[in-house]
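Here the structure comes first, spelled out in structure tokens, and everything after it is commentary.
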Protein chains: 2
Amino acid sequence: MKIYRVFILFITLLVLVLFCVADEGMWPMSEISKLNLRDKGLEIPPEEIYNPDGLSLIYAVVNVGATGSFVSPDGLIITNHHVAYGSVQAASTKEKDYIRHGFLARNLSDEIPAQGRTARIIDSFRDVSEEVLSVVEPGMSYADRTKAVERKIKDIVKREEKQHPGKRAEVAEMFSGKTYVLFLYTYLRDIRLVYVPPRSIGEFGGETDNWMWPRHTGDFSFMRAYVAPDGSPADYSPDNVPFHPKKYLRIAPEGVREGDFVFILGYPGRTYRHRTSYFLSFEEEIRMPYVVDWYQWQIDIIQKIGEKDRGIAIKHLSRIKGLSNTMKNYRGKLVGMERLDMTAKKRAEEENMQKFIDADGNLKAKYGDLLEKIGEVFRDMRQNAESELLLDYLPRSVIMLYFATTVYEAAHELRKPDLERESAYMDRNFPRLKQRLALYLRNYFEPTDKIVLKEILLRAFRLPEGQRIKALEEIIGGRTEGDIEIFIKNVFEKSRLDKEAILMKALEMSPDELYEMNDPFIQLAAALYPVFQEQKEKDRTRKGILDELRAKLIDVKQEYLKKDFIPDANGTLRLTYGRIRGYSPRDAVWYNPITTLEGVIEKTTGKEPFDTPEKIFSLYKERNFGRFAHPGLKTVPVCILYDMDTTGGNSGSPVLNARGELIGVNFDRAYEATINDFGWSDSYSRSIGVDIRYVLWVTQKYGGVNTLLRELGIDVSQ
Amino acid sequence: MKIYRVFILFITLLVLVLFCVADEGMWPMSEISKLNLRDKGLEIPPEEIYNPDGLSLIYAVVNVGATGSFVSPDGLIITNHHVAYGSVQAASTKEKDYIRHGFLARNLSDEIPAQGRTARIIDSFRDVSEEVLSVVEPGMSYADRTKAVERKIKDIVKREEKQHPGKRAEVAEMFSGKTYVLFLYTYLRDIRLVYVPPRSIGEFGGETDNWMWPRHTGDFSFMRAYVAPDGSPADYSPDNVPFHPKKYLRIAPEGVREGDFVFILGYPGRTYRHRTSYFLSFEEEIRMPYVVDWYQWQIDIIQKIGEKDRGIAIKHLSRIKGLSNTMKNYRGKLVGMERLDMTAKKRAEEENMQKFIDADGNLKAKYGDLLEKIGEVFRDMRQNAESELLLDYLPRSVIMLYFATTVYEAAHELRKPDLERESAYMDRNFPRLKQRLALYLRNYFEPTDKIVLKEILLRAFRLPEGQRIKALEEIIGGRTEGDIEIFIKNVFEKSRLDKEAILMKALEMSPDELYEMNDPFIQLAAALYPVFQEQKEKDRTRKGILDELRAKLIDVKQEYLKKDFIPDANGTLRLTYGRIRGYSPRDAVWYNPITTLEGVIEKTTGKEPFDTPEKIFSLYKERNFGRFAHPGLKTVPVCILYDMDTTGGNSGSPVLNARGELIGVNFDRAYEATINDFGWSDSYSRSIGVDIRYVLWVTQKYGGVNTLLRELGIDVSQ
């Protein structure tokens, strides 16, 4: 027994050492060379990942909505099932339901357009902080500061796109108010579907398993990028040819084992780790609970509405999906923040930094009231938070009001010079806005909109005295439930914005023409327009103040901690690295980092979303695993878990092994890892990918597509 | 890395060896000597556990509803909180809510009566199979066989109780239709409450955590047995003195570690492991799904009824608790049976045994059609299963009908000689029946009863043609929902069985007097009486057939497997042994076998049933763990998990270490272990106890009762 205990101790130490390589960090490419990745487990030179002067792995990474990667010399892209979902749905008909049955092209000519999909490849990037901030003048008001920076960025983008025809320029704010990087991208516009598994594999577990580990979802799909015969980006044409990427990823069909070094290249969306305790407590105490409550109310009511009629339920599917996704994410965050005591820890950090500042005369003069000033902004936000949040969610929750406010805003914005408009109304973005409105209209269901509007108006009328929204009360003409009911009956009866032709026409109208329409929803939007404008101005002022303060905060934090920081995620290319690693979600429970086909079988109930296809069952019973069984587990691995640092936007990112070969496709985080957006936790920050062995096994054994495996360089005779 | 893998392999082997001691088995005392417990980890001679000729641990075990054990020379008993619950509730008033706040007696004079509670101590036992079976004659009908055996057992009990005044005799059927054991028990009748933690500790997790691991419930309480000054059992009297048990258990305050050898002595209720695949498939396909569906319907409706009024909700609490407990247990069983493919495996076993029988002329002559004949009984049960199940659950689900059928049956049974009555109406049992009725009446709520009766009548009317219950249709006088509604309105309006005085009086009436009452519920009971009697006769016949067949089955099984069996649990004293051991409930998840105070804090929401007392929080924050921290985990362990073989009735059983010292109190099984009743699984059969360290820590640090710890022999100065 003694020897047994010594061994256990030894193993524990060994494991600790092995695992201590994981680190917080979504590293910009410029930082990779400083990371000593070779010491941490990387077996190739870091320059093979990113090399400012030559070919590297980053050219295999592509943005197709979220992240994807090239996996063959002929432009084959692998990404998530849920990333391709919209295009698969759009290509489906009643007769050809690719969502239900999956899609399979046996050769190039079978591949069909992934409608509306583009593939964005990185061309180059450089720091433009100095140029952007050149417009900031000392005496400027905060709102003016924000506007000036926004305007300057638009200028740079316009100039760059003119200089590089066909490319798209984007300026990303790395540290708020402090550093800006200009990216140049190429957009490929002819993307086609190649292989998509059925929903019962690609979305196995659905909402129930979303944000959850252990996971058993085959969340992958294959697409292909096409270009004009001369190699230039082009819209769909039957004459187009497969694109040849500068670089593509090799596949490692042998997959990974627990403890293996892995890394991810991808486009994480947004994180808030450099924010203060004031921000965290506002999120924890005010904003997230408000959203959770409001979304849960909507989900409950919408589910009830859909109970009796499958057709009506289907209209609401994507709305419920969106609401649930955010709600579950926020719930997870609230659990994680409480469990890790995040806000209090951040506050303690700030108190220590304040002492450091106060101890030095120079620092005190420059930064003494910095935190206090940031706190002031949040105290101001708390003042009318309830009413401001309600205003924020009002047009987002009531579709007809969303149409009306957009139409009304368009009438004003489209009359301004392009560069002065709100971003959504600029020429380069307006078509996308129209598309979104049309999509919303397709799933519009009046009874839902009525119930939601009534509830939010009732809530508006219950706002505390000081926060009441006068404009609302005036247009409704009373404060009772009866008044609201009469008002709602009237606006829905008379408004015609739910006719697509009228809505689209209204989007081009001038304010005067809109006035002529005499549409009650437009009138409601007009009555609220000044309120919304006032709110926007308030937000701009706050952003202006905070941008300047946050820039200073980064400066003093650097002095205090004596080290550099990684900027928060902002949709630009990042690297994160770590290990295949399990975790303990709660007392006495341990999650292993590799799930298996057994788990798929175990979860299967036969009912959506746990309705595994019969063929998977028979392959399982025959133990027909091909070359894809895990040598230790003796079965096909399905999903993998790792302690890398990811967030939304990392969906579809390639998961690579120490040799830079593809071993998985990232698609989600564990429930407790939703806190990643606010802070990294060694205990809970775990992300989820589909194991490449499951991808290949499903593609070969279930899909029966040997050609595809051959294109991926996999020897299927084995 | 190589060395690391070799170590892992080594450890894995070591752990496998250590864990291979666990075994199926709820062993009768007579079998203990054959078990080689010393080789399996026991450090004391097995005779210290059970010695037919002398003092042993079994005399420290006591039945107080479920199991308990003596833990001091002065009759102190430890058992579960949920076992003491009823007595604590009965002792509580609005002013003194012992359920909410717990109960604490600082000295003997503070101890209060645990109303209605008795403590049963084992006196002796011996095999009486021959005597019981002497009444069985070759030509007997099956129903007569059952009746004769029942009657003989009553005779033996009467004789023994006469011979041993003050003792209670019970005959337990060990193998159905084959072996019978006579037990003589002493009943102590003055039991008092000593220390009961508040519900927020003793019932922490409530229904949510019931049947679940990881668990964090402090499910323990202390009571004390009193006797007359001369040492004889007596009803409560202030003159009584603490009982001095022949034997009491020593406490091991240092607790256990993962992998430790442990054993349990207790009174497991019922298991069905010797039943056939016909029984299993009837349970899996017919009876359990029926009950799950019907209980779930009742729970839903009762919860709805209680939603608006806390007072009404409280009336239904124990009913919902009972329904949920069974329903969750059955759901767990259904999951486990499917996952382990139990029925199919049992069938395969039987097919092999059939081959063995068929291969031998002698065996074939004796047992050739044995399985076939058992199958026949179950085929017969399937014939009208729906209607028989409905009849079974009808009086159990409608309280007024339960009153009426009991009253009506009493009128007939009480007129028979005592020994010929149904057991519940025998003089020794009838007072208990009356108590139960009074308790039911206290929580009776007419609207619930009406809704449930309506639903079950609607279901009766939807029975397939051949299964219709004519007597019901005749008395209702129609087959429409309207007819049912009129009928229900009438019976509830006119019946007076919901008045306690009338109900109690009716229980003593003759059939003629009942007829005079003209009570519509009695009339309904009278109309159904012949149907119920017919059903009882059917059940007796089936039992008669099966008893004989099952006895033969055990014989041939012994020949086939060439080994002895342990009889199914039957409420008699048993031993089970194993190890402190975790398990994998599903793919990629591992449960550790010891939970901690951290988990209590983690689960606490502040709302029932997760409302940990403030004082526990402050003790936790101060890390005020006394001597009760787990040396490895550095915190107080709360619950423990082990691979022993338990079932209902094992609640409150002492969990003992290799030296026979108390290290926990058993109280539940893991969800997947609900299948224990049908079969043991090395992968899933895990039972749950509260760790003695948590018991002692709560008692000392939260309760502040050092006297009690001293009585337990714990040095609290440490």
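Chain labels follow the order of the structure tokens: the first chain is A, the next B, and so on; residue numbering restarts at 1 in every chain, and ligands are counted from 1 in their shown order.
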Practice task
Please report as a PyMOL selection string which residues of chain A come no farther than 6 Å from chain B, using only C-alpha atoms.
Solution key: chain A and resi 587-592+595+599
Problem - range 509-522 of chain A environment, 12 Å, only C-alpha atoms, sequence neighbours closer than 4 positions dropped, as a PyMOL selection string - result: chain A and resi 395+398-416+453+475-476+487-498+502-505+526-529
Could you write those residues out with N, CA and C atoms, as a short mmCIF file (atom, residue, chain, number, x, y, z; two decimals), in the first residue's frame?
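File out-v9.cif, as written:
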```
data_model
loop_
_atom_site.label_atom_id
_atom_site.label_comp_id
_atom_site.auth_asym_id
_atom_site.auth_seq_id
_atom_site.Cartn_x
_atom_site.Cartn_y
_atom_site.Cartn_z
N PRO A 395 -36.62 47.41 -29.65
CA PRO A 395 -36.69 47.11 -31.09
C PRO A 395 -36.07 45.75 -31.45
N VAL A 398 -39.23 43.16 -30.70
CA VAL A 398 -40.49 43.29 -31.46
C VAL A 398 -40.13 43.49 -32.93
N ILE A 399 -40.39 42.47 -33.73
CA ILE A 399 -39.91 42.48 -35.12
C ILE A 399 -40.45 43.70 -35.89
N MET A 400 -41.75 43.96 -35.75
CA MET A 400 -42.34 45.07 -36.51
C MET A 400 -41.69 46.40 -36.12
N LEU A 401 -41.36 46.55 -34.85
CA LEU A 401 -40.72 47.78 -34.43
C LEU A 401 -39.28 47.83 -34.94
N TYR A 402 -38.65 46.65 -35.05
CA TYR A 402 -37.31 46.59 -35.62
C TYR A 402 -37.35 47.05 -37.08
N PHE A 403 -38.35 46.56 -37.82
CA PHE A 403 -38.53 47.01 -39.21
C PHE A 403 -38.70 48.53 -39.25
N ALA A 404 -39.62 49.03 -38.42
CA ALA A 404 -39.98 50.45 -38.47
C ALA A 404 -38.80 51.35 -38.08
N THR A 405 -38.07 50.97 -37.01
CA THR A 405 -36.95 51.83 -36.61
C THR A 405 -35.85 51.79 -37.67
N THR A 406 -35.65 50.62 -38.28
CA THR A 406 -34.62 50.52 -39.33
C THR A 406 -35.02 51.40 -40.52
N VAL A 407 -36.26 51.27 -40.94
CA VAL A 407 -36.75 52.07 -42.06
C VAL A 407 -36.60 53.56 -41.76
N TYR A 408 -36.98 53.93 -40.55
CA TYR A 408 -36.94 55.35 -40.19
C TYR A 408 -35.50 55.87 -40.12
N GLU A 409 -34.63 55.03 -39.59
CA GLU A 409 -33.23 55.43 -39.49
C GLU A 409 -32.60 55.50 -40.88
N ALA A 410 -32.96 54.51 -41.72
CA ALA A 410 -32.43 54.49 -43.10
C ALA A 410 -32.79 55.79 -43.80
N ALA A 411 -34.03 56.26 -43.62
CA ALA A 411 -34.47 57.48 -44.27
C ALA A 411 -33.54 58.64 -43.92
N HIS A 412 -33.05 58.67 -42.70
CA HIS A 412 -32.14 59.74 -42.30
C HIS A 412 -30.70 59.45 -42.69
N GLU A 413 -30.24 58.24 -42.45
CA GLU A 413 -28.84 57.93 -42.68
C GLU A 413 -28.48 57.94 -44.16
N LEU A 414 -29.36 57.36 -44.99
CA LEU A 414 -29.02 57.24 -46.41
C LEU A 414 -28.90 58.61 -47.08
N ARG A 415 -29.45 59.63 -46.43
CA ARG A 415 -29.34 60.98 -46.98
C ARG A 415 -27.99 61.64 -46.64
N LYS A 416 -27.20 61.02 -45.79
CA LYS A 416 -25.88 61.57 -45.45
C LYS A 416 -24.82 61.03 -46.43
N LEU A 453 -44.74 42.59 -27.62
CA LEU A 453 -44.87 44.05 -27.51
C LEU A 453 -45.68 44.41 -26.26
N ILE A 475 -47.54 58.42 -26.97
CA ILE A 475 -48.09 57.86 -28.21
C ILE A 475 -49.16 56.81 -27.91
N ILE A 476 -49.04 56.13 -26.78
CA ILE A 476 -50.07 55.14 -26.41
C ILE A 476 -51.30 55.84 -25.86
N PHE A 487 -53.99 50.14 -28.22
CA PHE A 487 -52.89 50.62 -29.03
C PHE A 487 -52.34 49.49 -29.93
N ILE A 488 -52.12 48.33 -29.31
CA ILE A 488 -51.54 47.21 -30.05
C ILE A 488 -52.47 46.73 -31.15
N LYS A 489 -53.73 46.61 -30.82
CA LYS A 489 -54.72 46.18 -31.81
C LYS A 489 -54.63 47.09 -33.04
N ASN A 490 -54.59 48.38 -32.78
CA ASN A 490 -54.56 49.38 -33.83
C ASN A 490 -53.31 49.30 -34.70
N VAL A 491 -52.13 49.27 -34.06
CA VAL A 491 -50.89 49.32 -34.86
C VAL A 491 -50.74 48.07 -35.73
N PHE A 492 -51.10 46.92 -35.19
CA PHE A 492 -50.93 45.71 -35.99
C PHE A 492 -51.98 45.62 -37.10
N GLU A 493 -53.15 46.14 -36.82
CA GLU A 493 -54.21 46.11 -37.83
C GLU A 493 -53.84 46.98 -39.02
N LYS A 494 -53.26 48.16 -38.74
CA LYS A 494 -53.08 49.14 -39.80
C LYS A 494 -51.71 49.10 -40.47
N SER A 495 -50.68 48.60 -39.76
CA SER A 495 -49.35 48.66 -40.35
C SER A 495 -49.25 47.68 -41.52
N ARG A 496 -48.46 48.08 -42.55
CA ARG A 496 -48.30 47.19 -43.71
C ARG A 496 -46.83 46.83 -43.92
N LEU A 497 -46.03 47.07 -42.90
CA LEU A 497 -44.59 46.77 -43.01
C LEU A 497 -44.32 45.27 -43.05
N ASP A 498 -45.35 44.45 -42.82
CA ASP A 498 -45.14 43.01 -42.88
C ASP A 498 -45.32 42.46 -44.30
N ILE A 502 -43.56 46.23 -49.62
CA ILE A 502 -43.71 47.53 -48.96
C ILE A 502 -42.52 47.82 -48.04
N LEU A 503 -42.08 46.81 -47.32
CA LEU A 503 -40.93 46.99 -46.43
C LEU A 503 -39.69 47.41 -47.22
N MET A 504 -39.45 46.71 -48.33
CA MET A 504 -38.25 46.99 -49.12
C MET A 504 -38.32 48.38 -49.74
N LYS A 505 -39.53 48.75 -50.17
CA LYS A 505 -39.71 50.07 -50.75
C LYS A 505 -39.49 51.14 -49.68
N ALA A 526 -40.92 56.91 -35.16
CA ALA A 526 -40.61 58.35 -35.22
C ALA A 526 -40.67 58.95 -33.82
N ALA A 527 -41.68 58.52 -33.05
CA ALA A 527 -41.81 59.06 -31.70
C ALA A 527 -40.63 58.64 -30.83
N LEU A 528 -40.11 57.44 -31.08
CA LEU A 528 -39.00 56.94 -30.26
C LEU A 528 -37.64 57.39 -30.78
N TYR A 529 -37.59 57.85 -32.07
CA TYR A 529 -36.31 58.18 -32.69
C TYR A 529 -35.47 59.13 -31.83
#
```
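Backbone DSSP of range 546-585 of chain B yields alpha helix (DSSP H) at Leu546, Asp547, Glu548, Leu549, Arg550, Ala551, Lys552, Leu553, Ile554, Asp555, Val556, Lys557, Gln558, Glu559, Tyr560 and Leu561 of chain B.
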Atoms to include: all heavy atoms. Write the selected residues as a CSV table (one decimal), in the first residue's frame.
```csv
chain,number,residue,atom,x,y,z
B,546,LEU,N,-46.4,-20.0,-9.2
B,546,LEU,CA,-45.1,-19.5,-9.3
B,546,LEU,C,-44.2,-20.0,-8.1
B,546,LEU,O,-43.0,-20.3,-8.3
B,546,LEU,CB,-45.0,-18.0,-9.4
B,546,LEU,CG,-45.5,-17.4,-10.7
B,546,LEU,CD1,-45.6,-15.9,-10.6
B,546,LEU,CD2,-44.6,-17.9,-11.9
B,547,ASP,N,-44.8,-20.0,-6.9
B,547,ASP,CA,-44.0,-20.5,-5.7
B,547,ASP,C,-43.5,-21.9,-6.0
B,547,ASP,O,-42.3,-22.1,-5.8
B,547,ASP,CB,-44.9,-20.6,-4.5
B,547,ASP,CG,-45.0,-19.2,-3.8
B,547,ASP,OD1,-44.3,-18.3,-4.2
B,547,ASP,OD2,-45.7,-19.1,-2.7
B,548,GLU,N,-44.3,-22.8,-6.5
B,548,GLU,CA,-43.9,-24.1,-6.7
B,548,GLU,C,-42.8,-24.1,-7.8
B,548,GLU,O,-41.8,-24.8,-7.7
B,548,GLU,CB,-45.1,-25.0,-7.1
B,548,GLU,CG,-44.7,-26.5,-7.0
B,548,GLU,CD,-45.8,-27.4,-7.4
B,548,GLU,OE1,-47.0,-27.1,-7.0
B,548,GLU,OE2,-45.6,-28.3,-8.1
B,549,LEU,N,-43.1,-23.4,-8.9
B,549,LEU,CA,-42.2,-23.4,-10.0
B,549,LEU,C,-40.8,-22.8,-9.6
B,549,LEU,O,-39.8,-23.3,-10.0
B,549,LEU,CB,-42.8,-22.7,-11.2
B,549,LEU,CG,-44.0,-23.4,-11.8
B,549,LEU,CD1,-44.7,-22.4,-12.8
B,549,LEU,CD2,-43.7,-24.7,-12.4
B,550,ARG,N,-40.9,-21.7,-8.8
B,550,ARG,CA,-39.7,-21.0,-8.5
B,550,ARG,C,-38.8,-21.9,-7.5
B,550,ARG,O,-37.6,-21.8,-7.6
B,550,ARG,CB,-40.0,-19.7,-7.8
B,550,ARG,CG,-40.3,-18.6,-8.8
B,550,ARG,CD,-40.8,-17.3,-8.1
B,550,ARG,NE,-41.2,-16.3,-9.1
B,550,ARG,CZ,-42.2,-15.4,-8.9
B,550,ARG,NH1,-42.8,-15.4,-7.7
B,550,ARG,NH2,-42.5,-14.6,-9.8
B,551,ALA,N,-39.5,-22.6,-6.7
B,551,ALA,CA,-38.7,-23.5,-5.8
B,551,ALA,C,-38.0,-24.6,-6.6
B,551,ALA,O,-36.8,-24.8,-6.4
B,551,ALA,CB,-39.7,-24.2,-4.8
B,552,LYS,N,-38.6,-25.1,-7.6
B,552,LYS,CA,-38.0,-26.0,-8.6
B,552,LYS,C,-36.8,-25.4,-9.3
B,552,LYS,O,-35.8,-26.0,-9.6
B,552,LYS,CB,-39.0,-26.6,-9.6
B,552,LYS,CG,-39.9,-27.6,-9.0
B,552,LYS,CD,-40.7,-28.2,-10.1
B,552,LYS,CE,-41.7,-29.3,-9.6
B,552,LYS,NZ,-42.6,-29.7,-10.7
B,553,LEU,N,-37.1,-24.1,-9.7
B,553,LEU,CA,-36.1,-23.4,-10.5
B,553,LEU,C,-34.8,-23.2,-9.7
B,553,LEU,O,-33.7,-23.4,-10.2
B,553,LEU,CB,-36.7,-22.0,-10.8
B,553,LEU,CG,-35.8,-21.1,-11.7
B,553,LEU,CD1,-35.8,-21.7,-13.1
B,553,LEU,CD2,-36.4,-19.7,-11.8
B,554,ILE,N,-34.9,-22.9,-8.4
B,554,ILE,CA,-33.7,-22.8,-7.6
B,554,ILE,C,-33.0,-24.2,-7.5
B,554,ILE,O,-31.8,-24.2,-7.7
B,554,ILE,CB,-34.1,-22.4,-6.1
B,554,ILE,CG1,-34.7,-21.0,-6.1
B,554,ILE,CG2,-32.9,-22.5,-5.2
B,554,ILE,CD1,-33.8,-19.9,-6.5
B,555,ASP,N,-33.8,-25.3,-7.4
B,555,ASP,CA,-33.1,-26.6,-7.4
B,555,ASP,C,-32.3,-26.9,-8.7
B,555,ASP,O,-31.2,-27.2,-8.6
B,555,ASP,CB,-34.2,-27.7,-7.3
B,555,ASP,CG,-34.8,-27.7,-5.9
B,555,ASP,OD1,-34.2,-27.2,-5.0
B,555,ASP,OD2,-36.0,-28.2,-5.7
B,556,VAL,N,-33.0,-26.6,-9.8
B,556,VAL,CA,-32.3,-27.0,-11.1
B,556,VAL,C,-31.1,-26.0,-11.4
B,556,VAL,O,-30.1,-26.4,-11.9
B,556,VAL,CB,-33.3,-27.1,-12.3
B,556,VAL,CG1,-33.8,-25.7,-12.6
B,556,VAL,CG2,-32.6,-27.7,-13.5
B,557,LYS,N,-31.3,-24.8,-10.9
B,557,LYS,CA,-30.3,-23.8,-11.1
B,557,LYS,C,-29.0,-24.2,-10.3
B,557,LYS,O,-27.9,-24.0,-10.8
B,557,LYS,CB,-30.7,-22.4,-10.6
B,557,LYS,CG,-30.5,-21.2,-11.5
B,557,LYS,CD,-31.2,-20.0,-11.0
B,557,LYS,CE,-30.6,-18.7,-11.5
B,557,LYS,NZ,-31.3,-17.6,-11.0
B,558,GLN,N,-29.2,-24.7,-9.2
B,558,GLN,CA,-28.1,-25.2,-8.3
B,558,GLN,C,-27.4,-26.3,-9.0
B,558,GLN,O,-26.2,-26.4,-9.1
B,558,GLN,CB,-28.6,-25.7,-7.0
B,558,GLN,CG,-28.2,-24.8,-5.9
B,558,GLN,CD,-29.1,-24.7,-4.7
B,558,GLN,OE1,-30.2,-25.4,-4.7
B,558,GLN,NE2,-28.7,-24.0,-3.7
B,559,GLU,N,-28.2,-27.2,-9.6
B,559,GLU,CA,-27.5,-28.3,-10.4
B,559,GLU,C,-26.8,-27.8,-11.6
B,559,GLU,O,-25.7,-28.2,-11.9
B,559,GLU,CB,-28.6,-29.3,-10.8
B,559,GLU,CG,-29.2,-30.1,-9.7
B,559,GLU,CD,-29.7,-31.4,-10.2
B,559,GLU,OE1,-29.0,-32.1,-11.0
B,559,GLU,OE2,-30.8,-31.8,-9.7
B,560,TYR,N,-27.4,-26.8,-12.2
B,560,TYR,CA,-26.8,-26.2,-13.5
B,560,TYR,C,-25.5,-25.5,-13.2
B,560,TYR,O,-24.5,-25.7,-13.8
B,560,TYR,CB,-27.8,-25.3,-14.1
B,560,TYR,CG,-27.3,-24.5,-15.3
B,560,TYR,CD1,-26.7,-25.1,-16.4
B,560,TYR,CD2,-27.5,-23.1,-15.3
B,560,TYR,CE1,-26.2,-24.4,-17.4
B,560,TYR,CE2,-27.0,-22.4,-16.3
B,560,TYR,CZ,-26.4,-23.0,-17.4
B,560,TYR,OH,-25.9,-22.2,-18.5
B,561,LEU,N,-25.6,-24.6,-12.2
B,561,LEU,CA,-24.4,-23.7,-11.9
B,561,LEU,C,-23.5,-24.4,-10.9
B,561,LEU,O,-22.4,-23.8,-10.6
B,561,LEU,CB,-24.9,-22.4,-11.4
B,561,LEU,CG,-25.6,-21.5,-12.4
B,561,LEU,CD1,-26.0,-20.2,-11.7
B,561,LEU,CD2,-24.7,-21.2,-13.6
```
Practice task
Considering only C-alpha atoms, return as a list in words whatever protein or nucleic-acid residues lie within 7 Å of Arg273 in chain A, sequence-local ones (same chain, fewer than 2 positions apart) excluded.
Solution key: Thr271, Arg275, Asp568, Asp677, Phe678 and Gly679 of chain A
Exercise for the section: Do a neighbour search on Tyr577 in chain B at 7 Å with only C-alpha atoms, toss out local chain neighbours closer than 4 positions, and write the hits as a list in words. Expected result: Ala22, Val262, Phe263, Ile264 and Met644 of chain B
Compile a residue-level contact table for range 638-714 of chain B against range 249-254 of chain B at a cut-off of 8 Å, reporting for every qualifying residue the shortest atom pair and its distance in Å to one decimal, with only C-alpha atoms counted, rows ordered by chain and ascending number, as JSON lines.
```
{"residue": "B:Gly660", "atom": "CA", "partner": "B:Leu249", "partner_atom": "CA", "distance": 7.8}
{"residue": "B:Glu661", "atom": "CA", "partner": "B:Arg250", "partner_atom": "CA", "distance": 5.1}
{"residue": "B:Leu662", "atom": "CA", "partner": "B:Ile251", "partner_atom": "CA", "distance": 4.7}
{"residue": "B:Ile663", "atom": "CA", "partner": "B:Ala252", "partner_atom": "CA", "distance": 5.7}
{"residue": "B:Ile692", "atom": "CA", "partner": "B:Pro253", "partner_atom": "CA", "distance": 6.7}
{"residue": "B:Arg693", "atom": "CA", "partner": "B:Pro253", "partner_atom": "CA", "distance": 6.0}
{"residue": "B:Leu696", "atom": "CA", "partner": "B:Pro253", "partner_atom": "CA", "distance": 7.7}
{"residue": "B:Leu712", "atom": "CA", "partner": "B:Ile251", "partner_atom": "CA", "distance": 6.9}
{"residue": "B:Gly713", "atom": "CA", "partner": "B:Ile251", "partner_atom": "CA", "distance": 7.5}
{"residue": "B:Ile714", "atom": "CA", "partner": "B:Pro253", "partner_atom": "CA", "distance": 7.2}
```
Practice task
Can you pull out every residue within 10 Å of Gln296 in chain B, counting only C-alpha atoms, but drop anything in the same chain fewer than 4 positions away, and send it as a list in words?
Solution key: Tyr290, Val291, Val292, Asp300, Ile301, Ile302, Ile320, Leu323, Ser324, Met327 and Lys328 of chain B
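Here the DSSP assignment of strand (DSSP E), based on backbone atoms, applies within range 365-585 of chain B to Arg574, Leu575, Thr576, Tyr577, Gly578 and Arg579 of chain B.
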Fill in the blank from the handout: Across A:Ile77, A:Ile675, A:Ala313, A:Ile484, the smallest distance to Tyr444 in chain A, with only C-alpha atoms counted, is shown by A:Ala313
